[in-house]
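Enquirer: Structure in structure tokens, see below.
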Amino acid sequence: MRINLASVLVDDQEKALRFYTEVLGFVKKNDIPLGEHRWLTVVSPQDPDGTELVLEPDGHPAAKPFKEALVADGIPYTSFAVDDVGAEYERLRGLGVRFTQEPVDMGPVTTAVLDDTCGNLLQIAHQADARR
Amino acid sequence: MHNVLRVGDVFKALADPTRRIILDELTDRNGQTLFEICSRLTTKHHLGSSRQAISQHLDVLEAAGLVETRREGRYKFHYINTAPLEPIIERWLRNPEKDAE
């Protein structure tokens with residue numbers, strides 16, 4: 001068994017595709033019409049054959065209260081690995097991204113939390129030893 | 001009378017080491033989400049408290065006036081408020097008769 005997909009629940013697939021590609025820097029992998037929605041996935045350009053992130057519609061009535069409760073408490077829906085949280089924070093802030101947590105050095109890990117504009121918070125993180 | 005009760009609440013709030021660490025972390029950076037506070041306590045201070053426990057500590061701090069929460073759009077941030085500590089300074093540390101000596 002292996003993990004080939006992970007998903008985020010987004011309020012608008014087209015808006016999500018723009019944010020996850022143009023702002024975060026992922027690339028589109030699959031875009032297949034599927035009824036009123038699309039089977040829409042992105043991958044990291046550093047790992048194009050790696051795990052795909054599904055930009056999945058959040059239409060289920062349980063999704064919105066769940067997402068809103070996480071966002072209110074600042075809890076990220078998922079986390080992405082970056083080489084340098086500080087540098088990525090500066091780059092994304094320059095693109096107008098809203099952060100609910102600026103970079104914090106927490107010892108073994110440095111993290112920051114940003115708003116994906118589609119109803120989720122995302123964490124970016126790097127391990128302290130991975131940079132050396 | 002209200003002030004007396006208030007000071008009591010402040011001491012009660014400060015009596016707990018986890019709550020003092022929360023105030024330390026808010027002093028390090030003011031305006032944090034519950035998630036950031038929990039992350040800092042877990043990773044920097046190795047405290048195994050649950051999110052619910054931290055949330056209850058924040059309620060105690062807020063009742064004592066030491067923490068204020070503000071909603072900014074869809075997010076809720078916690079801020080330290082040191083104003084309730086000032087009566088303590090006035091009462092013992094800034095004693096006018098002692099200063100006159």
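Ordering of the structure tokens sets the chain letters (A, B, ...); residue numbers start at 1 within each chain; ligands are numbered from 1 in the order shown.
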Please build the interface table for chain A against chain B with a cut-off of 6 Å, listing for each qualifying residue the nearest atom pair and the distance in Å to one decimal; count only C-alpha atoms, order rows by chain and increasing number, and write it as CSV.
Expert:
residue,atom,partner,partner_atom,distance
A:Ala72,CA,B:Tyr75,CA,4.4
A:Asp73,CA,B:Leu34,CA,5.2
A:Gly74,CA,B:Thr33,CA,5.1
A:Ile75,CA,B:Phe35,CA,5.3
A:Met106,CA,B:Lys44,CA,5.6
Enquirer: Go ahead and dump the residues you just picked, N, CA and C atoms, as an mmCIF file, in the first residue's frame.
Expert:
data_model
loop_
_atom_site.group_PDB
_atom_site.id
_atom_site.type_symbol
_atom_site.label_atom_id
_atom_site.label_comp_id
_atom_site.auth_asym_id
_atom_site.auth_seq_id
_atom_site.Cartn_x
_atom_site.Cartn_y
_atom_site.Cartn_z
ATOM 1 N N ALA A 72 -11.162 29.067 12.637
ATOM 2 C CA ALA A 72 -11.319 29.976 13.784
ATOM 3 C C ALA A 72 -10.233 29.727 14.829
ATOM 4 N N ASP A 73 -9.868 28.464 15.019
ATOM 5 C CA ASP A 73 -8.834 28.140 16.004
ATOM 6 C C ASP A 73 -7.428 28.142 15.395
ATOM 7 N N GLY A 74 -7.335 28.495 14.117
ATOM 8 C CA GLY A 74 -6.015 28.610 13.483
ATOM 9 C C GLY A 74 -5.380 27.278 13.118
ATOM 10 N N ILE A 75 -6.202 26.229 13.028
ATOM 11 C CA ILE A 75 -5.660 24.881 12.802
ATOM 12 C C ILE A 75 -5.536 24.591 11.305
ATOM 13 N N MET A 106 10.294 26.442 16.400
ATOM 14 C CA MET A 106 9.822 25.628 17.519
ATOM 15 C C MET A 106 10.838 24.555 17.874
#
Enquirer: Can you tell me, as a PDB file with C-alpha atoms, in the first residue's frame, what residues are no more than 10 Å from Gln127 in chain A when counting only C-alpha atoms, ignoring any on the same chain fewer than 4 positions away?
Expert:
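Writing done, so here's result.pdb:
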ATOM      1  CA  ALA A  81       7.390  20.842   3.278  1.00  0.00           C
ATOM      2  CA  VAL A  82       9.539  23.787   2.210  1.00  0.00           C
ATOM      3  CA  ASP A  83      13.317  24.355   2.286  1.00  0.00           C
ATOM      4  CA  ASP A  84      13.114  27.582   4.268  1.00  0.00           C
ATOM      5  CA  VAL A  85       9.931  28.755   5.978  1.00  0.00           C
ATOM      6  CA  ASP A 105      11.161  28.459  15.384  1.00  0.00           C
ATOM      7  CA  MET A 106       9.822  25.628  17.519  1.00  0.00           C
ATOM      8  CA  GLY A 107      13.124  23.849  17.958  1.00  0.00           C
ATOM      9  CA  PRO A 108      13.057  20.727  15.773  1.00  0.00           C
ATOM     10  CA  VAL A 109      10.684  22.387  13.316  1.00  0.00           C
ATOM     11  CA  THR A 110       9.960  25.875  12.006  1.00  0.00           C
ATOM     12  CA  THR A 111       6.393  26.504  10.891  1.00  0.00           C
ATOM     13  CA  ARG A 131      18.617  22.348   6.300  1.00  0.00           C
ATOM     14  CA  ARG A 132      22.171  21.506   7.322  1.00  0.00           C
TER      15      ARG A 132
END
Enquirer: Pick from A:Val23, A:Phe66, A:Leu17, A:Pro57: nearest to Val42 in chain A, with only C-alpha atoms counted?
Expert: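 Nearest to Val42 in chain A: A:Leu17.
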Enquirer: Report as an MDAnalysis selection string: the residues of chain B with a DSSP assignment of helix (DSSP H, G or I), based on the backbone of this structure.
Expert: chainID B and resid 2:14 17:28 34:43 51:63 83:93 96:100
Enquirer: Step one, run DSSP on the backbone; step two, keep only residues of range 17-47 of chain A assigned to strand (DSSP E); then write them as a list in words.
Expert: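 Residues of range 17-47 of chain A classed as strand (DSSP E): Val27, Lys28, Lys29, Asn30, Asp31, Ile32, Pro33, Leu34, His37, Arg38, Trp39, Leu40, Thr41, Val42 and Val43 of chain A.
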Enquirer: Write out as a tab-separated table (two decimals) with N, CA, C and O atoms, in the first residue's frame the residues lying within 9 Å of range 19-26 of chain B, counting only C-alpha atoms and excluding same-chain residues fewer than 2 positions away.
Expert:
chain	number	residue	atom	x	y	z
B	13	ALA	N	-5.18	33.15	38.36
B	13	ALA	CA	-4.79	32.86	36.98
B	13	ALA	C	-3.28	32.65	36.88
B	13	ALA	O	-2.81	31.79	36.14
B	14	LEU	N	-2.52	33.42	37.64
B	14	LEU	CA	-1.05	33.35	37.55
B	14	LEU	C	-0.48	32.19	38.36
B	14	LEU	O	0.71	31.89	38.24
B	15	ALA	N	-1.32	31.56	39.19
B	15	ALA	CA	-0.82	30.50	40.07
B	15	ALA	C	-0.42	29.25	39.30
B	15	ALA	O	0.31	28.41	39.81
B	16	ASP	N	-0.91	29.12	38.08
B	16	ASP	CA	-0.66	27.90	37.31
B	16	ASP	C	0.51	28.08	36.35
B	16	ASP	O	0.53	29.04	35.57
B	17	PRO	N	1.50	27.17	36.39
B	17	PRO	CA	2.69	27.34	35.54
B	17	PRO	C	2.39	27.34	34.04
B	17	PRO	O	3.02	28.09	33.29
B	28	ASP	N	6.25	36.98	23.80
B	28	ASP	CA	7.19	36.76	22.69
B	28	ASP	C	6.58	37.25	21.38
B	28	ASP	O	7.24	37.89	20.58
B	29	ARG	N	5.30	36.92	21.17
B	29	ARG	CA	4.57	37.49	20.03
B	29	ARG	C	3.10	37.59	20.38
B	29	ARG	O	2.45	36.59	20.65
B	30	ASN	N	2.60	38.81	20.34
B	30	ASN	CA	1.21	39.04	20.73
B	30	ASN	C	0.29	38.75	19.55
B	30	ASN	O	0.64	39.02	18.40
B	31	GLY	N	-0.89	38.19	19.84
B	31	GLY	CA	-1.85	37.92	18.78
B	31	GLY	C	-1.62	36.55	18.17
B	31	GLY	O	-1.06	36.44	17.08
B	32	GLN	N	-2.01	35.51	18.89
B	32	GLN	CA	-1.81	34.15	18.39
B	32	GLN	C	-3.12	33.39	18.34
B	32	GLN	O	-3.99	33.57	19.18
B	37	ILE	N	-0.59	28.78	19.95
B	37	ILE	CA	-0.31	28.64	21.38
B	37	ILE	C	-0.06	27.17	21.73
B	37	ILE	O	0.92	26.84	22.40
B	40	ARG	N	3.34	25.99	20.37
B	40	ARG	CA	4.47	26.50	21.15
B	40	ARG	C	4.61	25.74	22.47
B	40	ARG	O	5.72	25.40	22.89
B	41	LEU	N	3.48	25.46	23.14
B	41	LEU	CA	3.54	24.76	24.42
B	41	LEU	C	4.06	23.34	24.22
B	41	LEU	O	4.84	22.82	25.03
B	45	HIS	N	7.99	23.84	24.99
B	45	HIS	CA	7.95	23.59	26.44
B	45	HIS	C	7.62	22.15	26.79
B	45	HIS	O	7.55	21.80	27.96
B	54	ILE	N	-5.76	23.58	27.13
B	54	ILE	CA	-5.20	24.91	26.84
B	54	ILE	C	-6.32	25.93	26.69
B	54	ILE	O	-6.24	27.07	27.16
B	57	HIS	N	-7.42	26.92	30.04
B	57	HIS	CA	-6.46	27.85	30.64
B	57	HIS	C	-6.67	29.26	30.07
B	57	HIS	O	-6.63	30.25	30.81
B	58	LEU	N	-6.92	29.34	28.77
B	58	LEU	CA	-7.14	30.65	28.14
B	58	LEU	C	-8.42	31.30	28.68
B	58	LEU	O	-8.46	32.51	28.87
B	60	VAL	N	-9.59	30.97	31.70
B	60	VAL	CA	-9.26	31.51	33.04
B	60	VAL	C	-8.50	32.83	32.91
B	60	VAL	O	-8.79	33.80	33.59
B	61	LEU	N	-7.53	32.85	31.97
B	61	LEU	CA	-6.74	34.07	31.75
B	61	LEU	C	-7.64	35.20	31.24
B	61	LEU	O	-7.48	36.36	31.62
B	66	LEU	N	-6.38	39.02	31.75
B	66	LEU	CA	-4.98	38.98	31.33
B	66	LEU	C	-4.83	38.64	29.84
B	66	LEU	O	-3.79	38.88	29.23
B	67	VAL	N	-5.86	38.02	29.28
B	67	VAL	CA	-5.86	37.71	27.85
B	67	VAL	C	-7.15	38.24	27.25
B	67	VAL	O	-8.22	38.14	27.86
B	78	HIS	N	-5.44	35.68	20.18
B	78	HIS	CA	-5.33	35.94	21.62
B	78	HIS	C	-4.23	36.96	21.88
B	78	HIS	O	-3.13	36.82	21.34
B	79	TYR	N	-4.55	37.95	22.72
B	79	TYR	CA	-3.60	39.02	23.05
B	79	TYR	C	-3.41	39.08	24.56
B	79	TYR	O	-4.37	38.89	25.31
B	80	ILE	N	-2.18	39.38	24.98
B	80	ILE	CA	-1.94	39.59	26.41
B	80	ILE	C	-2.37	41.01	26.77
B	80	ILE	O	-2.23	41.94	25.98
Enquirer: Near Ala6 in chain A, counting only C-alpha atoms, which residues have an atom at most 12 Å away, once you skip same-chain residues fewer than 3 positions from it, shown as a list in words?
Expert: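 Near Ala6 in chain A, the qualifying residues are Arg2, Ile3, Leu9, Leu40, Thr41, Val42, Val43, Gly50, Thr51, Glu52, Leu53, Val54, Leu55, Glu56, Tyr77, Thr78, Ser79 and Phe80 of chain A.
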Enquirer: Go ahead and save the picked residues with N, CA and C atoms, as an mmCIF file, in the first residue's frame.
Expert:
data_model
loop_
_atom_site.group_PDB
_atom_site.id
_atom_site.type_symbol
_atom_site.label_atom_id
_atom_site.label_comp_id
_atom_site.auth_asym_id
_atom_site.auth_seq_id
_atom_site.Cartn_x
_atom_site.Cartn_y
_atom_site.Cartn_z
ATOM 1 N N ARG A 2 0.450 2.265 -0.752
ATOM 2 C CA ARG A 2 1.208 3.513 -0.729
ATOM 3 C C ARG A 2 0.233 4.686 -0.809
ATOM 4 N N ILE A 3 0.675 5.838 -0.418
ATOM 5 C CA ILE A 3 -0.204 7.019 -0.429
ATOM 6 C C ILE A 3 0.021 7.756 -1.744
ATOM 7 N N LEU A 9 -10.356 20.178 0.861
ATOM 8 C CA LEU A 9 -11.727 20.518 0.490
ATOM 9 C C LEU A 9 -11.783 22.004 0.183
ATOM 10 N N LEU A 40 -9.602 17.072 -10.129
ATOM 11 C CA LEU A 40 -8.581 18.092 -10.311
ATOM 12 C C LEU A 40 -7.452 17.842 -9.308
ATOM 13 N N THR A 41 -6.253 17.581 -9.840
ATOM 14 C CA THR A 41 -5.135 17.335 -8.923
ATOM 15 C C THR A 41 -3.917 18.177 -9.311
ATOM 16 N N VAL A 42 -3.109 18.475 -8.311
ATOM 17 C CA VAL A 42 -1.841 19.176 -8.542
ATOM 18 C C VAL A 42 -0.715 18.363 -7.898
ATOM 19 N N VAL A 43 0.502 18.594 -8.405
ATOM 20 C CA VAL A 43 1.679 17.939 -7.829
ATOM 21 C C VAL A 43 2.766 18.992 -7.623
ATOM 22 N N GLY A 50 5.039 12.211 -7.798
ATOM 23 C CA GLY A 50 4.754 11.925 -6.386
ATOM 24 C C GLY A 50 3.283 12.060 -6.050
ATOM 25 N N THR A 51 3.021 12.157 -4.762
ATOM 26 C CA THR A 51 1.643 12.242 -4.267
ATOM 27 C C THR A 51 0.906 13.410 -4.911
ATOM 28 N N GLU A 52 -0.316 13.118 -5.388
ATOM 29 C CA GLU A 52 -1.146 14.173 -5.986
ATOM 30 C C GLU A 52 -2.063 14.755 -4.909
ATOM 31 N N LEU A 53 -2.228 16.058 -4.971
ATOM 32 C CA LEU A 53 -3.153 16.739 -4.070
ATOM 33 C C LEU A 53 -4.452 16.984 -4.836
ATOM 34 N N VAL A 54 -5.535 16.402 -4.347
ATOM 35 C CA VAL A 54 -6.842 16.550 -4.991
ATOM 36 C C VAL A 54 -7.508 17.824 -4.471
ATOM 37 N N LEU A 55 -7.891 18.706 -5.381
ATOM 38 C CA LEU A 55 -8.641 19.911 -5.005
ATOM 39 C C LEU A 55 -10.119 19.532 -5.088
ATOM 40 N N GLU A 56 -10.644 19.140 -3.948
ATOM 41 C CA GLU A 56 -11.938 18.466 -3.894
ATOM 42 C C GLU A 56 -13.044 19.417 -3.431
ATOM 43 N N TYR A 77 -5.300 22.601 7.821
ATOM 44 C CA TYR A 77 -5.928 21.381 7.309
ATOM 45 C C TYR A 77 -4.861 20.366 6.929
ATOM 46 N N THR A 78 -3.734 20.881 6.393
ATOM 47 C CA THR A 78 -2.624 19.993 6.072
ATOM 48 C C THR A 78 -1.335 20.812 6.078
ATOM 49 N N SER A 79 -0.227 20.158 5.783
ATOM 50 C CA SER A 79 1.066 20.819 5.889
ATOM 51 C C SER A 79 1.948 20.452 4.699
ATOM 52 N N PHE A 80 2.702 21.429 4.216
ATOM 53 C CA PHE A 80 3.617 21.190 3.099
ATOM 54 C C PHE A 80 5.054 21.456 3.538
#
Enquirer: Separation of CA of Lys67 in chain A and CA of Gly65 in chain B, in Å?
Expert: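 One can read the CA of Lys67 in chain A to CA of Gly65 in chain B distance as 29.4 Å.
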Enquirer: So the first atom is CA of Gly119 in chain A and the second is CA of Asp47 in chain A; what is the distance between them in Å, to one decimal place?
Expert: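 Straight-line distance from CA of Gly119 in chain A to CA of Asp47 in chain A works out to 25.7 Å.
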Enquirer: Find the distance between CA of Gly86 in chain A and CA of Pro103 in chain A and write it in Å to one decimal.
Expert: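 Between CA of Gly86 in chain A and CA of Pro103 in chain A the gap works out to 6.2 Å.
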Enquirer: For range 87-99 of chain A, please output as a list in words all residues within 9 Å (counting only C-alpha atoms; exclusion window: fewer than 6 positions along the same chain).
Expert: Val23, Leu24, Ala112, Val113, Leu114, Asp115, Asp116, Thr117, Leu121 and Ile124 of chain A
